[in-house]
file run01.txt (compact mmCIF, C-alpha atoms (C1' of nucleotides))
# COMPACT_ATOMS: atom_id res chain seq x y z
CA MET A 9 -0.67 122.14 10.70
CA THR A 10 -2.73 125.25 11.13
CA THR A 11 -4.61 125.66 14.37
CA LYS A 12 -7.06 128.13 12.92
CA PRO A 13 -7.94 127.20 9.35
CA SER A 14 -9.00 130.66 8.24
CA THR A 15 -6.28 132.86 9.69
CA ASP A 16 -4.72 133.12 6.24
CA ARG A 17 -4.96 136.71 5.11
CA ARG A 18 -5.52 135.63 1.52
CA ILE A 19 -8.60 133.68 2.50
CA LYS A 20 -9.84 136.55 4.58
CA TYR A 21 -9.39 138.93 1.70
CA THR A 22 -11.09 136.65 -0.81
CA LYS A 23 -14.09 136.07 1.40
CA MET A 24 -14.29 139.72 2.26
CA VAL A 25 -14.38 141.00 -1.31
CA LEU A 26 -16.80 138.29 -2.41
CA ARG A 27 -19.10 139.20 0.43
CA GLU A 28 -18.81 142.89 -0.33
CA SER A 29 -19.49 142.21 -3.97
CA LEU A 30 -22.64 140.19 -3.32
CA ILE A 31 -23.95 142.77 -0.88
CA ALA A 32 -23.44 145.54 -3.42
CA LEU A 33 -25.23 143.49 -6.06
CA LEU A 34 -28.08 142.64 -3.71
CA GLU A 35 -28.72 146.32 -3.26
CA ARG A 36 -29.52 146.51 -6.95
CA LYS A 37 -31.27 143.24 -7.74
CA PRO A 38 -32.66 140.07 -6.17
CA ILE A 39 -30.38 137.10 -5.56
CA GLU A 40 -32.00 134.93 -8.20
CA ARG A 41 -30.81 137.30 -10.91
CA ILE A 42 -27.24 137.44 -9.65
CA THR A 43 -24.75 135.05 -11.24
CA ILE A 44 -21.57 133.67 -9.77
CA LYS A 45 -19.64 135.05 -12.73
CA GLU A 46 -21.01 138.50 -11.93
CA ILE A 47 -19.96 138.33 -8.31
CA CYS A 48 -16.46 137.20 -9.25
CA ASP A 49 -16.02 139.81 -11.95
CA ASP A 50 -17.01 142.56 -9.54
CA ALA A 51 -14.76 141.22 -6.82
CA ASP A 52 -11.94 140.54 -9.27
CA ILE A 53 -11.68 136.99 -8.03
CA ASN A 54 -11.31 133.93 -10.22
CA ARG A 55 -14.44 131.85 -10.49
CA ALA A 56 -12.55 128.71 -9.54
CA THR A 57 -11.61 130.40 -6.29
CA PHE A 58 -15.26 131.13 -5.58
CA TYR A 59 -16.07 127.44 -5.87
CA ALA A 60 -13.27 126.68 -3.45
CA HIS A 61 -15.19 128.53 -0.75
CA TYR A 62 -18.87 128.48 -1.63
CA ALA A 63 -21.28 126.22 -3.44
CA ASP A 64 -23.24 129.04 -5.03
CA GLN A 65 -24.67 132.54 -4.47
CA TYR A 66 -27.13 131.24 -1.91
CA ASP A 67 -24.39 129.61 0.07
CA LEU A 68 -22.47 132.86 0.18
CA LEU A 69 -25.57 134.73 1.28
CA ARG A 70 -26.18 132.17 3.99
CA GLN A 71 -22.72 132.80 5.40
CA ILE A 72 -23.34 136.53 5.39
CA GLU A 73 -26.52 135.85 7.33
CA GLU A 74 -24.67 133.68 9.80
CA ASP A 75 -22.28 136.53 10.38
CA LEU A 76 -25.03 138.94 11.29
CA TYR A 77 -26.69 136.30 13.42
CA THR A 78 -23.62 135.58 15.51
CA ASN A 79 -22.88 139.28 15.83
CA ILE A 80 -26.33 139.95 17.22
CA SER A 81 -26.08 136.87 19.39
CA VAL A 82 -22.77 138.00 20.85
CA SER A 83 -23.86 141.52 21.62
CA LEU A 84 -27.00 140.10 23.20
CA SER A 85 -25.15 137.78 25.51
CA GLN A 86 -22.71 140.54 26.40
CA LEU A 87 -25.59 142.78 27.32
CA SER A 88 -27.39 140.24 29.45
CA GLN A 89 -24.21 139.51 31.43
CA ASP A 90 -23.38 143.11 31.96
CA PRO A 91 -24.41 143.99 35.55
CA ALA A 92 -24.78 147.59 34.48
CA ASN A 93 -27.58 146.51 32.17
CA PRO A 94 -30.17 144.77 34.28
CA ASN A 95 -32.97 146.41 32.39
CA THR A 96 -34.74 144.38 29.71
CA LEU A 97 -36.00 147.49 28.05
CA LYS A 98 -32.49 148.82 27.82
CA GLN A 99 -31.33 145.60 26.21
CA ALA A 100 -34.04 145.66 23.60
CA GLU A 101 -33.13 149.24 22.96
CA ASN A 102 -29.54 148.23 22.41
CA ILE A 103 -30.61 145.72 19.79
CA PHE A 104 -32.37 148.42 17.83
CA ASP A 105 -29.26 150.55 18.18
CA TYR A 106 -27.23 147.71 16.79
CA LEU A 107 -29.55 147.38 13.81
CA ARG A 108 -29.31 151.08 13.18
CA ASP A 109 -25.52 151.03 13.37
CA ASN A 110 -25.45 148.25 10.80
CA ALA A 111 -28.15 149.72 8.65
CA ARG A 112 -26.64 148.70 5.33
CA ILE A 113 -26.56 145.00 6.00
CA THR A 114 -29.67 145.14 8.16
CA ARG A 115 -31.71 146.61 5.32
CA LEU A 116 -30.69 143.78 3.05
CA LEU A 117 -31.20 140.87 5.37
CA LEU A 118 -34.04 142.00 7.57
CA SER A 119 -36.20 143.94 5.13
CA ASP A 120 -39.06 142.76 2.99
CA ARG A 121 -36.90 141.02 0.44
CA GLY A 122 -34.69 139.19 2.89
CA ASP A 123 -35.00 135.55 3.79
CA PHE A 124 -37.96 135.20 6.10
CA SER A 125 -36.77 132.04 7.83
CA PHE A 126 -33.56 133.79 8.76
CA GLN A 127 -35.46 136.77 10.10
CA LYS A 128 -37.52 134.55 12.32
CA ARG A 129 -34.36 132.98 13.70
CA VAL A 130 -33.04 136.40 14.66
CA MET A 131 -36.28 137.42 16.33
CA ARG A 132 -36.45 134.18 18.21
CA LEU A 133 -33.06 135.01 19.66
CA VAL A 134 -34.26 138.36 20.94
CA TYR A 135 -37.66 137.12 22.00
CA ASP A 136 -36.29 134.28 24.08
CA LEU A 137 -34.05 136.64 25.99
CA ILE A 138 -36.84 139.07 26.68
CA THR A 139 -39.41 136.54 27.79
CA THR A 140 -37.08 134.57 30.03
CA GLN A 141 -36.10 137.81 31.70
CA LEU A 142 -39.67 138.92 32.03
CA ARG A 143 -40.60 135.47 33.34
CA VAL A 144 -43.93 135.43 31.62
CA THR A 145 -43.80 132.30 29.51
CA LYS A 146 -44.64 129.90 32.28
CA SER A 147 -48.01 131.50 32.77
CA LEU A 148 -49.19 130.03 29.46
CA SER A 149 -50.43 126.55 28.64
CA ALA A 150 -48.02 124.67 26.42
CA ALA A 151 -50.54 124.25 23.62
CA ASP A 152 -51.38 127.91 23.32
CA ALA A 153 -47.82 129.05 23.90
CA GLU A 154 -46.71 127.59 20.59
CA TYR A 155 -49.10 129.76 18.68
CA VAL A 156 -48.54 132.91 20.68
CA TYR A 157 -44.87 132.30 20.18
CA ALA A 158 -45.27 132.02 16.40
CA PHE A 159 -47.44 135.09 16.31
CA THR A 160 -45.09 137.23 18.35
CA ILE A 161 -41.91 136.18 16.59
CA THR A 162 -43.25 136.97 13.16
CA GLY A 163 -44.96 140.05 14.50
CA CYS A 164 -41.55 141.32 15.57
CA VAL A 165 -40.20 140.63 12.10
CA GLY A 166 -42.99 142.74 10.71
CA ILE A 167 -42.49 145.63 13.05
CA VAL A 168 -38.76 145.73 12.38
CA GLN A 169 -39.42 145.72 8.64
CA ARG A 170 -41.87 148.56 9.12
CA TRP A 171 -39.21 150.42 11.04
CA LEU A 172 -36.65 149.92 8.29
CA ASP A 173 -39.13 151.02 5.63
CA ASP A 174 -39.79 154.08 7.74
CA ASP A 175 -36.04 154.85 7.60
CA MET A 176 -35.70 154.09 11.31
CA ARG A 177 -37.37 157.36 12.17
CA LYS A 178 -38.57 156.23 15.57
CA SER A 179 -35.95 156.08 18.30
CA SER A 180 -34.61 152.78 19.55
CA LYS A 181 -36.16 153.52 22.91
CA VAL A 182 -39.65 153.95 21.47
CA MET A 183 -39.27 150.80 19.40
CA ALA A 184 -38.10 148.82 22.40
CA LYS A 185 -41.02 150.01 24.47
CA MET A 186 -43.43 149.19 21.70
CA VAL A 187 -42.20 145.67 21.09
CA ILE A 188 -42.07 144.78 24.77
CA GLY A 189 -45.43 146.40 25.39
CA MET A 190 -47.04 144.44 22.61
CA THR A 191 -45.45 141.19 23.66
CA ILE A 192 -46.76 141.58 27.16
CA GLY A 193 -50.13 142.68 25.87
CA LEU A 194 -50.43 139.60 23.72
CA ILE A 195 -49.62 137.23 26.52
CA GLN A 196 -52.02 138.92 28.87
CA SER A 197 -54.82 138.87 26.32
CA LEU A 198 -54.30 135.16 26.07
CA LYS A 199 -54.46 134.67 29.81
CA ALA A 200 -57.67 136.69 29.98
CA ASP A 201 -59.71 134.30 27.87
CA SER A 202 -58.49 130.88 26.84
CA PHE A 203 -58.91 130.01 23.19
CA ILE A 204 -59.36 126.36 23.88
CA GLU A 205 -62.79 125.08 22.99
CA MET B 18 -62.31 139.33 -32.51
CA THR B 19 -62.31 137.57 -29.21
CA THR B 20 -63.92 139.32 -26.30
CA LYS B 21 -61.92 137.36 -23.76
CA PRO B 22 -58.37 136.81 -24.98
CA SER B 23 -57.80 133.63 -23.03
CA THR B 24 -60.95 131.66 -23.74
CA ASP B 25 -59.07 129.45 -26.14
CA ARG B 26 -59.00 125.92 -24.80
CA ARG B 27 -55.47 125.41 -26.03
CA ILE B 28 -54.20 128.31 -23.99
CA LYS B 29 -56.14 127.17 -20.97
CA TYR B 30 -54.67 123.71 -21.27
CA THR B 31 -51.13 124.97 -21.69
CA LYS B 32 -51.32 127.26 -18.71
CA MET B 33 -52.96 124.58 -16.64
CA VAL B 34 -50.32 121.91 -17.21
CA LEU B 35 -47.46 124.37 -16.78
CA ARG B 36 -48.94 125.49 -13.49
CA GLU B 37 -49.48 121.91 -12.37
CA SER B 38 -45.95 121.04 -13.38
CA LEU B 39 -44.37 123.89 -11.43
CA ILE B 40 -46.47 123.13 -8.37
CA ALA B 41 -45.37 119.51 -8.44
CA LEU B 42 -41.75 120.55 -8.76
CA LEU B 43 -42.06 123.09 -5.97
CA GLU B 44 -43.12 120.30 -3.66
CA ARG B 45 -39.72 118.72 -4.18
CA LYS B 46 -37.31 121.63 -4.45
CA PRO B 47 -37.04 125.42 -4.15
CA ILE B 48 -37.86 127.61 -7.13
CA GLU B 49 -34.27 128.71 -7.65
CA ARG B 50 -33.27 125.18 -8.53
CA ILE B 51 -36.10 124.63 -11.00
CA THR B 52 -35.35 125.30 -14.65
CA ILE B 53 -37.75 126.29 -17.39
CA LYS B 54 -36.66 123.28 -19.40
CA GLU B 55 -37.59 121.05 -16.48
CA ILE B 56 -41.05 122.54 -16.18
CA CYS B 57 -41.68 122.13 -19.89
CA ASP B 58 -40.41 118.57 -20.03
CA ASP B 59 -42.69 117.56 -17.19
CA ALA B 60 -45.65 119.34 -18.71
CA ASP B 61 -44.84 118.05 -22.20
CA ILE B 62 -45.00 121.57 -23.55
CA ASN B 63 -42.54 123.08 -25.97
CA ARG B 64 -40.19 125.58 -24.41
CA ALA B 65 -41.02 128.19 -27.04
CA THR B 66 -44.63 127.96 -25.92
CA PHE B 67 -43.62 128.64 -22.34
CA TYR B 68 -41.95 131.88 -23.37
CA ALA B 69 -45.11 132.88 -25.20
CA HIS B 70 -46.91 133.01 -21.86
CA TYR B 71 -44.36 133.63 -19.14
CA ALA B 72 -41.06 135.41 -18.76
CA ASP B 73 -39.56 132.81 -16.43
CA GLN B 74 -40.28 130.47 -13.51
CA TYR B 75 -40.84 133.36 -11.15
CA ASP B 76 -43.37 134.91 -13.46
CA LEU B 77 -45.31 131.67 -13.58
CA LEU B 78 -45.20 131.39 -9.81
CA ARG B 79 -46.43 134.95 -9.48
CA GLN B 80 -49.46 134.12 -11.59
CA ILE B 81 -50.19 131.09 -9.43
CA GLU B 82 -50.04 133.38 -6.41
CA GLU B 83 -52.41 135.85 -8.05
CA ASP B 84 -54.83 133.02 -8.57
CA LEU B 85 -54.89 132.09 -4.91
CA TYR B 86 -55.11 135.74 -3.95
CA THR B 87 -58.16 136.45 -6.09
CA ASN B 88 -59.81 133.24 -4.96
CA ILE B 89 -59.44 134.20 -1.33
CA SER B 90 -60.50 137.73 -2.13
CA VAL B 91 -63.64 136.54 -3.88
CA SER B 92 -64.72 134.16 -1.18
CA LEU B 93 -64.09 136.89 1.37
CA SER B 94 -66.28 139.43 -0.38
CA GLN B 95 -68.95 136.82 -0.87
CA LEU B 96 -68.92 136.08 2.82
CA SER B 97 -69.07 139.68 3.93
CA GLN B 98 -72.05 140.35 1.70
CA ASP B 99 -73.94 137.28 2.78
CA PRO B 100 -76.60 138.45 5.28
CA ALA B 101 -76.59 134.98 6.78
CA ASN B 102 -72.97 135.60 7.81
CA PRO B 103 -72.95 138.69 9.96
CA ASN B 104 -70.49 137.13 12.33
CA THR B 105 -66.87 138.16 11.97
CA LEU B 106 -65.72 135.09 13.79
CA LYS B 107 -67.61 132.89 11.38
CA GLN B 108 -65.98 134.64 8.45
CA ALA B 109 -62.49 134.18 9.82
CA GLU B 110 -63.40 130.56 10.40
CA ASN B 111 -64.41 130.24 6.78
CA ILE B 112 -61.05 131.52 5.66
CA PHE B 113 -59.31 128.81 7.62
CA ASP B 114 -61.70 126.31 6.09
CA TYR B 115 -60.76 127.58 2.68
CA LEU B 116 -57.07 127.19 3.43
CA ARG B 117 -57.68 123.67 4.63
CA ASP B 118 -59.68 122.78 1.51
CA ASN B 119 -56.84 124.01 -0.65
CA ALA B 120 -54.13 122.54 1.50
CA ARG B 121 -51.84 121.53 -1.36
CA ILE B 122 -51.41 124.99 -2.81
CA THR B 123 -51.71 126.64 0.58
CA ARG B 124 -48.77 124.67 1.92
CA LEU B 125 -46.63 125.82 -0.97
CA LEU B 126 -47.49 129.49 -1.00
CA LEU B 127 -48.23 130.23 2.62
CA SER B 128 -45.70 128.06 4.43
CA ASP B 129 -42.20 128.88 5.56
CA ARG B 130 -40.66 128.67 2.11
CA GLY B 131 -43.27 130.72 0.33
CA ASP B 132 -42.86 134.32 -0.71
CA PHE B 133 -43.24 136.45 2.39
CA SER B 134 -44.38 139.59 0.61
CA PHE B 135 -47.20 137.65 -0.96
CA GLN B 136 -48.18 136.20 2.39
CA LYS B 137 -48.42 139.63 3.90
CA ARG B 138 -50.67 140.73 1.07
CA VAL B 139 -53.05 137.90 1.81
CA MET B 140 -53.12 138.60 5.51
CA ARG B 141 -53.73 142.27 4.91
CA LEU B 142 -56.80 141.27 2.96
CA VAL B 143 -58.18 139.30 5.86
CA TYR B 144 -57.07 141.75 8.52
CA ASP B 145 -58.69 144.73 6.86
CA LEU B 146 -62.00 142.95 6.70
CA ILE B 147 -61.86 141.91 10.32
CA THR B 148 -60.82 145.26 11.73
CA THR B 149 -63.29 147.31 9.73
CA GLN B 150 -66.02 145.02 10.91
CA LEU B 151 -64.84 145.18 14.48
CA ARG B 152 -64.53 148.95 14.18
CA VAL B 153 -61.46 149.09 16.34
CA THR B 154 -58.89 150.80 14.16
CA LYS B 155 -60.15 154.30 14.73
CA SER B 156 -59.37 154.05 18.41
CA LEU B 157 -55.66 154.18 17.61
CA SER B 158 -53.44 157.13 16.85
CA ALA B 159 -52.29 157.15 13.25
CA ALA B 160 -48.62 156.96 14.18
CA ASP B 161 -48.98 153.90 16.36
CA ALA B 162 -51.51 152.23 14.11
CA GLU B 163 -48.92 151.71 11.37
CA TYR B 164 -46.75 149.67 13.64
CA VAL B 165 -49.53 147.69 15.25
CA TYR B 166 -50.76 146.99 11.76
CA ALA B 167 -47.35 145.69 10.66
CA PHE B 168 -47.03 143.60 13.79
CA THR B 169 -50.46 142.03 13.48
CA ILE B 170 -50.27 141.30 9.75
CA THR B 171 -46.98 139.48 10.03
CA GLY B 172 -48.09 137.89 13.26
CA CYS B 173 -50.97 136.35 11.36
CA VAL B 174 -48.58 135.05 8.73
CA GLY B 175 -46.63 133.38 11.49
CA ILE B 176 -49.60 131.81 13.15
CA VAL B 177 -50.91 130.43 9.87
CA GLN B 178 -47.48 128.97 9.12
CA ARG B 179 -47.45 127.39 12.55
CA TRP B 180 -50.86 125.93 11.83
CA LEU B 181 -49.71 124.46 8.52
CA ASP B 182 -46.58 123.02 10.14
CA ASP B 183 -48.84 121.51 12.75
CA ASP B 184 -50.77 119.78 9.93
CA MET B 185 -53.80 121.96 10.61
CA ARG B 186 -54.57 119.99 13.72
CA LYS B 187 -56.49 122.77 15.40
CA SER B 188 -60.00 123.38 14.11
CA SER B 189 -60.79 126.41 11.98
CA LYS B 190 -63.02 127.67 14.77
CA VAL B 191 -60.25 127.60 17.35
CA MET B 192 -57.86 129.29 14.95
CA ALA B 193 -60.37 132.00 14.14
CA LYS B 194 -60.98 132.67 17.83
CA MET B 195 -57.29 132.77 18.49
CA VAL B 196 -56.43 135.21 15.72
CA ILE B 197 -59.28 137.56 16.51
CA GLY B 198 -58.59 137.34 20.21
CA MET B 199 -54.96 138.23 19.73
CA THR B 200 -55.74 141.05 17.36
CA ILE B 201 -58.12 142.62 19.82
CA GLY B 202 -55.70 141.99 22.66
CA LEU B 203 -52.94 143.78 20.80
CA ILE B 204 -55.03 146.82 20.07
CA GLN B 205 -56.25 147.06 23.62
CA SER B 206 -52.76 146.73 25.05
CA LEU B 207 -51.81 149.66 22.91
CA LYS B 208 -54.70 151.76 24.11
CA ALA B 209 -53.82 150.98 27.71
CA ASP B 210 -50.44 152.66 27.63
CA SER B 211 -49.27 154.81 24.77
CA PHE B 212 -45.80 154.07 23.47
CA ILE B 213 -45.20 157.64 22.47
CA GLU B 214 -42.45 159.31 24.40
C1' DA C 13 15.58 133.72 6.33
C1' DC C 14 14.01 129.45 4.30
C1' DA C 15 11.44 125.75 2.98
C1' DA C 16 7.02 123.69 3.01
C1' DT C 17 2.48 124.58 2.42
C1' DA C 18 -1.64 126.24 0.75
C1' DA C 19 -4.32 129.73 -1.81
C1' DC C 20 -5.06 131.80 -5.87
C1' DA C 21 -4.95 132.74 -11.00
C1' DC C 22 -5.42 131.20 -15.46
C1' DA C 23 -7.05 128.69 -19.32
C1' DA C 24 -9.54 125.20 -21.15
C1' DC C 25 -13.15 121.95 -21.06
C1' DA C 26 -17.75 119.74 -21.88
C1' DC C 27 -22.17 120.67 -20.72
C1' DA C 28 -26.76 122.54 -19.67
C1' DG C 29 -29.95 125.96 -19.91
C1' DT C 30 -31.42 130.35 -22.16
C1' DG C 31 -34.07 133.16 -25.22
C1' DT C 32 -35.27 133.80 -29.94
C1' DT C 33 -36.31 132.67 -34.76
C1' DG C 34 -38.95 131.05 -38.92
C1' DA C 35 -41.41 127.45 -40.98
C1' DT C 36 -44.84 123.92 -40.28
C1' DT C 37 -48.79 121.55 -38.23
C1' DA C 38 -53.03 121.31 -35.76
C1' DA C 39 -56.80 122.88 -33.32
C1' DG C 40 -60.23 126.44 -32.20
C1' DG C 41 -64.01 129.82 -33.10
C1' DA C 42 -67.26 132.44 -36.15
C1' DT D 21 -66.31 125.43 -43.85
C1' DC D 22 -62.64 128.83 -43.63
C1' DC D 23 -59.84 131.81 -41.30
C1' DT D 24 -57.28 132.64 -37.24
C1' DT D 25 -54.23 131.57 -33.83
C1' DA D 26 -51.68 128.46 -30.81
C1' DA D 27 -48.39 125.06 -30.40
C1' DT D 28 -44.65 122.32 -32.30
C1' DC D 29 -40.18 121.58 -34.11
C1' DA D 30 -35.43 122.33 -35.15
C1' DA D 31 -31.86 125.25 -35.10
C1' DC D 32 -29.41 129.11 -33.51
C1' DA D 33 -25.84 131.80 -30.88
C1' DC D 34 -24.97 132.78 -26.32
C1' DT D 35 -24.17 132.80 -21.38
C1' DG D 36 -23.21 130.69 -17.28
C1' DT D 37 -21.83 126.35 -14.86
C1' DG D 38 -18.78 123.32 -12.50
C1' DT D 39 -14.50 121.07 -12.82
C1' DT D 40 -9.69 120.19 -14.04
C1' DG D 41 -4.52 120.62 -14.20
C1' DT D 42 -0.73 123.60 -14.11
C1' DG D 43 1.94 127.31 -12.67
C1' DT D 44 2.68 131.24 -9.51
C1' DT D 45 2.84 133.68 -5.30
C1' DA D 46 1.85 134.71 -0.56
C1' DT D 47 1.86 132.96 4.17
C1' DT D 48 3.24 130.35 8.06
C1' DG D 49 6.17 127.92 11.27
C1' DT D 50 10.69 126.41 12.09

call {"tool": "encode", "arguments": {"input": "run01.txt", "output": "structure tokens"}}
result
Amino acid sequence: MTTKPSTDRRIKYTKMVLRESLIALLERKPIERITIKEICDDADINRATFYAHYADQYDLLRQIEEDLYTNISVSLSQLSQDPANPNTLKQAENIFDYLRDNARITRLLLSDRGDFSFQKRVMRLVYDLITTQLRVTKSLSAADAEYVYAFTITGCVGIVQRWLDDDMRKSSKVMAKMVIGMTIGLIQSLKADSFIE
Amino acid sequence: MTTKPSTDRRIKYTKMVLRESLIALLERKPIERITIKEICDDADINRATFYAHYADQYDLLRQIEEDLYTNISVSLSQLSQDPANPNTLKQAENIFDYLRDNARITRLLLSDRGDFSFQKRVMRLVYDLITTQLRVTKSLSAADAEYVYAFTITGCVGIVQRWLDDDMRKSSKVMAKMVIGMTIGLIQSLKADSFIE
DNA sequence: ACAATAACACAACACAGTGTTGATTAAGGA
DNA sequence: TCCTTAATCAACACTGTGTTGTGTTATTGT
């Protein structure tokens, strides 16, 4: 029996080329116009083999997303445990660095055309880390918090998209400052006057 | 010759049932799993007729989106010209009322699964009206404004989605207050400390 | 190094949906 | 009413789908 089911180099290769093939195609057209046959032809993989690993194009894309998600998640948790990195600002900055370093995949998954639900998941990851470190969440009522939360998360998605569209011209440091500044600003504006009737 | 090309009742009927059919299907499954044949069968319209009006499912959906967009746009411009409605808050409240009144279509197009680009377009519409009336935009530097803009627009998308998920439990008034309050809060937080290096 | 295992390729399959055509029928507008 | 135009119908070739069984080859653990 195999302890790790996907150590097999053949599997690794197959998944890798299929992934690469879909990514290349996604840079040229939206997922709904990409066929499984197309992906397989480009990757030089038999279609039957594709079905052995994925249900369809969307399933393959989902697994690519998961990859990015866990990568970000890992580098986040590494950062927050690193005693040399006690600074929240620095951590946020590192995330932007990470996005820049992985610009190709980032542009696909996090830009305008990417899956919005996935993008929110990513931002939630970052947001939770920032706010728990800043210890600001508890100062909000539970009812309002939900909505501020929703607003901020999606707001972050928007600002990252803007950054990508702008060819990441602004430095990671500036972006980090901006996002944290706005997050804090939002929470404080809410504390100032309650929206409850 | 016909002055308006789509006055013909037959065309109106065809488009209407096709629209209705797609909307009904969208309530059960995502667009990528809906076929043209399926739409036509449900609407009892010949497939050849479908192709006379639309390129594919996505084209039909786009036209449904345009419909909602122009409807919101019209009711917005009506409100802003109404001298009995000088209040920005009241106008924002009316938008939430409109969304509630059209809950069925709103849930499809503006919720989590809807097209994000479209959602941003809608929010931009509302945001522009609010900010020009509040006369707050000019107090920002052009460079920063772009990013605050992106953040706020998408933030609004998020908060509306949260509201829909929450079955529109909060009143339109509360929502309007919240959105405007957060928008102002964001802009002021930016004025307080510049993010520029 | 060897044998067992598992992944992949290949070909073939029935099937469903696509997009287009030309002829026919029916309804609309002036 | 008469002319126009939309919709229907049937048929078309075509592309992609999802699945199957068989044979081949690479990988892994002993």

call {"tool": "closest_residue", "arguments": {"input": "run01.txt", "among": "A:Phe159, A:Tyr59, A:Tyr66, A:Phe124", "to": "chain C", "atoms": "only C-alpha atoms (C1' of nucleotides)"}}
result
A:Tyr59

call {"tool": "atom_distance", "arguments": {"input": "run01.txt", "atom1": "atom CA of A:Arg115", "atom2": "atom CA of A:Met176"}}
result
10.4 Å

call {"tool": "closest_atom_pairs", "arguments": {"input": "run01.txt", "of": "chain B", "to": "chain A", "cutoff": "7 Å", "atoms": "only C-alpha atoms", "output": "CSV"}}
result
residue,atom,partner,partner_atom,distance
B:Glu49,CA,A:Glu40,CA,6.6
B:Asp129,CA,A:Ser125,CA,6.7
B:Phe133,CA,A:Phe124,CA,6.6
B:Ser134,CA,A:Asp120,CA,6.6
B:Tyr164,CA,A:Ile167,CA,5.9
B:Ala167,CA,A:Gly166,CA,5.3
B:Phe168,CA,A:Gly163,CA,4.2
B:Thr169,CA,A:Gly163,CA,5.9
B:Thr171,CA,A:Gly163,CA,4.9
B:Gly172,CA,A:Gly163,CA,4.0
B:Cys173,CA,A:Phe159,CA,6.2
B:Gly175,CA,A:Phe159,CA,5.2
B:Ile176,CA,A:Phe159,CA,5.0
B:Arg179,CA,A:Ala158,CA,6.4
B:Val191,CA,A:Phe203,CA,6.5
B:Lys194,CA,A:Phe203,CA,6.3
B:Met195,CA,A:Phe203,CA,5.7
B:Met199,CA,A:Leu194,CA,6.2
B:Gly202,CA,A:Ser197,CA,4.9
B:Leu203,CA,A:Leu194,CA,5.7
B:Ser206,CA,A:Gly193,CA,4.9
B:Phe212,CA,A:Met186,CA,5.7
B:Ile213,CA,A:Val182,CA,6.7
B:Glu214,CA,A:Val182,CA,6.7

call {"tool": "interface_residues", "arguments": {"input": "run01.txt", "of": "chain D", "to": "chain A", "cutoff": "8 Å", "atoms": "only C-alpha atoms (C1' of nucleotides)", "output": "list of chain:residue names"}}
result
D:DG36, D:DA46, D:DT47

call {"tool": "write_last_selection", "arguments": {"input": "run01.txt", "atoms": "C-alpha atoms (C1' of nucleotides)", "output": "CSV table (one decimal), keeping the file's coordinate frame"}}
result
chain,number,residue,atom,x,y,z
D,36,DG,C1',-23.2,130.7,-17.3
D,46,DA,C1',1.8,134.7,-0.6
D,47,DT,C1',1.9,133.0,4.2

call {"tool": "closest_residue", "arguments": {"input": "run01.txt", "among": "B:Ser97, B:Thr66, B:Thr148, B:Ser189", "to": "chain C", "atoms": "only C-alpha atoms (C1' of nucleotides)"}}
result
B:Thr66

call {"tool": "interface_residues", "arguments": {"input": "run01.txt", "of": "chain C", "to": "chain A", "cutoff": "7 Å", "atoms": "all atoms listed in the file", "output": "VMD selection string"}}
result
chain C and resid 19 to 21
